[in-house]
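Student: Mind looking over this structure? Questions follow.
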Amino acid sequence: MTAHCFTYGSLMCEDIMSAVCGTACNRHEPATLIGHRRHPVIGQHYPGMVPAAGSTVAGVLYLDLPASAWPRLDAFEGEEYTREAVTVALSDSRSLTAWTYVFKPQYAGRLATGDWDFEHFLRYGKTGFEAAYLGFSAVQGNPDSIV
């Protein structure tokens, strides 16, 4: 299976993605996922993404992540998300298969209406997110290790 990861929220920031993965994640490019929509998670700085016909999500595709990154990403995303294989569109008209994290239907009540705004996150939410998730750099692939 692919080692690419499509991100659409806080992990679009290379510094956060690298800290979570425990390795430099400097091979990335813009990508779009068709048939999904991203919403704010109530009371949080990050979004949840769900299937939605007719919608698209712009994000960042990280290429060729090492096997050691996946347990760390799974632990970071936690129980509200499931990792799924998707096909993303790149700016040069290519398509690639990648993993992404989709919000589980049983937690849909935690999603606010409207779209999550990455630029707003960068201006007003990233510092708070990083402060709230100081333990993300220590993720070892064990969900119990998240502080």
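Identifiers in this document derive from the order of the structure tokens: chains are assigned A, B, ..., residues are numbered from 1 separately in each chain, and ligands are numbered from 1 in order of occurrence.
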Could you build a table of the residues in range 71-137 of chain A lying no more than 7 Å from range 20-44 of chain A, giving for each the nearest pair of atoms and their separation in Å rounded to one decimal place, using only C-alpha atoms, ordered by chain and ascending residue number, as CSV?
Tutor:
```
residue,atom,partner,partner_atom,distance
A:Arg72,CA,A:Cys21,CA,5.9
A:Leu73,CA,A:Cys21,CA,6.4
A:Thr87,CA,A:Leu33,CA,7.0
A:Val88,CA,A:Leu33,CA,4.9
A:Ala89,CA,A:Thr32,CA,5.1
A:Leu90,CA,A:Ala31,CA,4.8
A:Ser91,CA,A:Ala31,CA,6.7
A:Arg110,CA,A:Ile42,CA,5.5
A:Leu111,CA,A:Val41,CA,4.6
A:Ala112,CA,A:Pro40,CA,5.4
A:Thr113,CA,A:His39,CA,6.4
A:Gly114,CA,A:His39,CA,6.0
A:Asp115,CA,A:His39,CA,4.8
A:Trp116,CA,A:Pro40,CA,4.8
A:Phe136,CA,A:Val20,CA,5.6
A:Ser137,CA,A:Val20,CA,5.4
```
Student: Report as a Markdown table the residues of range 19-50 of chain A within 6 Å of range 101-108 of chain A, each with its shortest atom pair and distance in Å (one decimal), using only C-alpha atoms, ordered by chain and increasing residue number.
Tutor:
```
| residue | atom | partner | partner_atom | distance |
| --- | --- | --- | --- | --- |
| A:Gly48 | CA | A:Phe103 | CA | 5.2 |
| A:Met49 | CA | A:Val102 | CA | 5.2 |
| A:Val50 | CA | A:Phe103 | CA | 5.8 |
```
Student: Restricted to C-alpha atoms, what would the selected residues look like written as a PDB file, in the first residue's frame?
Tutor:
```pdb
ATOM      1  CA  GLY A  48     -12.753  16.604  10.906  1.00  0.00           C
ATOM      2  CA  MET A  49     -13.349  15.439   7.357  1.00  0.00           C
ATOM      3  CA  VAL A  50     -16.356  13.433   6.192  1.00  0.00           C
TER       4      VAL A  50
END
```
Student: Just list the residues in chain A DSSP gives helix (DSSP H, G or I) on the backbone, as a PDB file with C-alpha atoms, in the first residue's frame.
Tutor:
```pdb
ATOM      1  CA  SER A  10      -3.134  21.003  11.420  1.00  0.00           C
ATOM      2  CA  LEU A  11      -0.886  18.431   9.713  1.00  0.00           C
ATOM      3  CA  MET A  12      -0.777  20.640   6.611  1.00  0.00           C
ATOM      4  CA  GLU A  14       5.192  20.835   7.812  1.00  0.00           C
ATOM      5  CA  ASP A  15       6.586  21.529  11.289  1.00  0.00           C
ATOM      6  CA  ILE A  16       3.618  19.862  13.006  1.00  0.00           C
ATOM      7  CA  MET A  17       3.625  16.916  10.576  1.00  0.00           C
ATOM      8  CA  SER A  18       7.370  16.379  11.082  1.00  0.00           C
ATOM      9  CA  ALA A  19       7.008  16.474  14.880  1.00  0.00           C
ATOM     10  CA  VAL A  20       4.151  13.968  14.807  1.00  0.00           C
ATOM     11  CA  CYS A  21       5.946  11.632  12.374  1.00  0.00           C
ATOM     12  CA  ALA A  69       5.447   7.385  10.822  1.00  0.00           C
ATOM     13  CA  TRP A  70       2.165   5.470  10.560  1.00  0.00           C
ATOM     14  CA  PRO A  71       1.820   4.208  14.150  1.00  0.00           C
ATOM     15  CA  ARG A  72       2.636   7.731  15.338  1.00  0.00           C
ATOM     16  CA  LEU A  73       0.027   9.278  13.012  1.00  0.00           C
ATOM     17  CA  ASP A  74      -2.586   6.703  14.052  1.00  0.00           C
ATOM     18  CA  ALA A  75      -1.941   7.483  17.733  1.00  0.00           C
ATOM     19  CA  PHE A  76      -2.008  11.235  17.135  1.00  0.00           C
ATOM     20  CA  GLU A  77      -5.318  11.106  15.261  1.00  0.00           C
ATOM     21  CA  PRO A 105     -19.673   8.766  11.723  1.00  0.00           C
ATOM     22  CA  GLN A 106     -20.416   8.074  15.406  1.00  0.00           C
ATOM     23  CA  TYR A 107     -18.629  11.330  16.336  1.00  0.00           C
ATOM     24  CA  ALA A 108     -20.381  13.500  13.700  1.00  0.00           C
ATOM     25  CA  GLY A 109     -22.214  15.420  16.431  1.00  0.00           C
ATOM     26  CA  ARG A 110     -18.872  17.000  17.376  1.00  0.00           C
ATOM     27  CA  PHE A 118      -6.664  26.869   7.284  1.00  0.00           C
ATOM     28  CA  GLU A 119      -5.640  30.538   7.036  1.00  0.00           C
ATOM     29  CA  HIS A 120      -7.650  31.291  10.185  1.00  0.00           C
ATOM     30  CA  PHE A 121      -5.918  28.356  11.892  1.00  0.00           C
ATOM     31  CA  LEU A 122      -2.490  29.740  10.954  1.00  0.00           C
ATOM     32  CA  ARG A 123      -3.363  33.228  12.255  1.00  0.00           C
ATOM     33  CA  TYR A 124      -5.385  32.408  15.350  1.00  0.00           C
ATOM     34  CA  GLY A 125      -5.293  28.707  16.152  1.00  0.00           C
ATOM     35  CA  LYS A 126      -1.853  27.232  15.515  1.00  0.00           C
ATOM     36  CA  THR A 127      -0.217  28.602  18.659  1.00  0.00           C
ATOM     37  CA  GLY A 128      -3.094  27.365  20.803  1.00  0.00           C
ATOM     38  CA  PHE A 129      -3.075  24.016  19.035  1.00  0.00           C
ATOM     39  CA  GLU A 130       0.644  23.564  19.643  1.00  0.00           C
ATOM     40  CA  ALA A 131       0.257  24.526  23.308  1.00  0.00           C
ATOM     41  CA  ALA A 132      -2.630  22.075  23.767  1.00  0.00           C
ATOM     42  CA  LEU A 134       2.700  19.580  23.515  1.00  0.00           C
ATOM     43  CA  GLY A 135       2.821  15.794  23.729  1.00  0.00           C
ATOM     44  CA  PHE A 136       2.538  15.266  19.976  1.00  0.00           C
ATOM     45  CA  SER A 137       6.309  15.267  19.572  1.00  0.00           C
ATOM     46  CA  ALA A 138       6.531  12.373  22.032  1.00  0.00           C
ATOM     47  CA  PRO A 143      -2.345   5.891  21.927  1.00  0.00           C
ATOM     48  CA  ASP A 144      -1.765   5.709  25.690  1.00  0.00           C
ATOM     49  CA  SER A 145       1.436   7.747  25.286  1.00  0.00           C
TER      50      SER A 145
END
```
Student: Could you tell me how far CA of Asp64 in chain A sits from CA of Ala52 in chain A, in Å to one decimal place?
Tutor: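 Between CA of Ala52 in chain A and CA of Asp64 in chain A the gap works out to 27.3 Å.
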Student: Find the distance between CA of Tyr81 in chain A and CA of Ser93 in chain A and write it in Å to one decimal.
Tutor: 28.3 Å
Student: Rounded to one decimal in Å, what is the spacing between CA of Leu65 in chain A and CA of Thr97 in chain A?
Tutor: 13.1 Å
Student: Report as a ChimeraX atom specification all protein, DNA and RNA residues lying within 9 Å of Trp99 in chain A, evaluated on only C-alpha atoms, omitting residues in the same chain fewer than 2 positions from it.
Tutor: /A:2-7,83-87,97,101
Student: Restricting it to N, CA and C atoms, dump the selection as a short mmCIF file (atom, residue, chain, number, x, y, z; two decimals), in the first residue's frame.
Tutor:
```cif
data_model
loop_
_atom_site.label_atom_id
_atom_site.label_comp_id
_atom_site.auth_asym_id
_atom_site.auth_seq_id
_atom_site.Cartn_x
_atom_site.Cartn_y
_atom_site.Cartn_z
N THR A 2 0.29 2.31 -0.40
CA THR A 2 0.98 3.58 -0.51
C THR A 2 1.54 4.07 0.82
N ALA A 3 2.54 4.90 0.73
CA ALA A 3 3.10 5.53 1.92
C ALA A 3 2.87 7.04 1.87
N HIS A 4 1.92 7.46 1.06
CA HIS A 4 1.59 8.88 0.96
C HIS A 4 0.48 9.20 1.95
N CYS A 5 0.46 10.44 2.43
CA CYS A 5 -0.57 10.86 3.38
C CYS A 5 -1.16 12.19 2.97
N PHE A 6 -2.48 12.22 2.76
CA PHE A 6 -3.20 13.45 2.45
C PHE A 6 -3.65 14.07 3.77
N THR A 7 -3.23 15.31 4.00
CA THR A 7 -3.59 16.02 5.22
C THR A 7 -4.43 17.24 4.86
N ARG A 83 -8.25 5.66 9.48
CA ARG A 83 -7.37 5.85 8.32
C ARG A 83 -7.98 5.13 7.12
N GLU A 84 -8.12 5.86 6.02
CA GLU A 84 -8.72 5.30 4.80
C GLU A 84 -7.86 5.64 3.60
N ALA A 85 -7.88 4.74 2.62
CA ALA A 85 -7.19 4.99 1.35
C ALA A 85 -8.12 5.82 0.46
N VAL A 86 -7.56 6.87 -0.15
CA VAL A 86 -8.31 7.75 -1.04
C VAL A 86 -7.45 8.05 -2.27
N THR A 87 -8.09 8.58 -3.29
CA THR A 87 -7.38 9.04 -4.48
C THR A 87 -7.44 10.56 -4.49
N THR A 97 -2.88 7.54 -5.00
CA THR A 97 -3.54 6.94 -3.85
C THR A 97 -2.77 7.33 -2.60
N TYR A 101 -7.14 10.61 7.08
CA TYR A 101 -7.89 10.33 8.31
C TYR A 101 -9.27 10.97 8.20
#
```
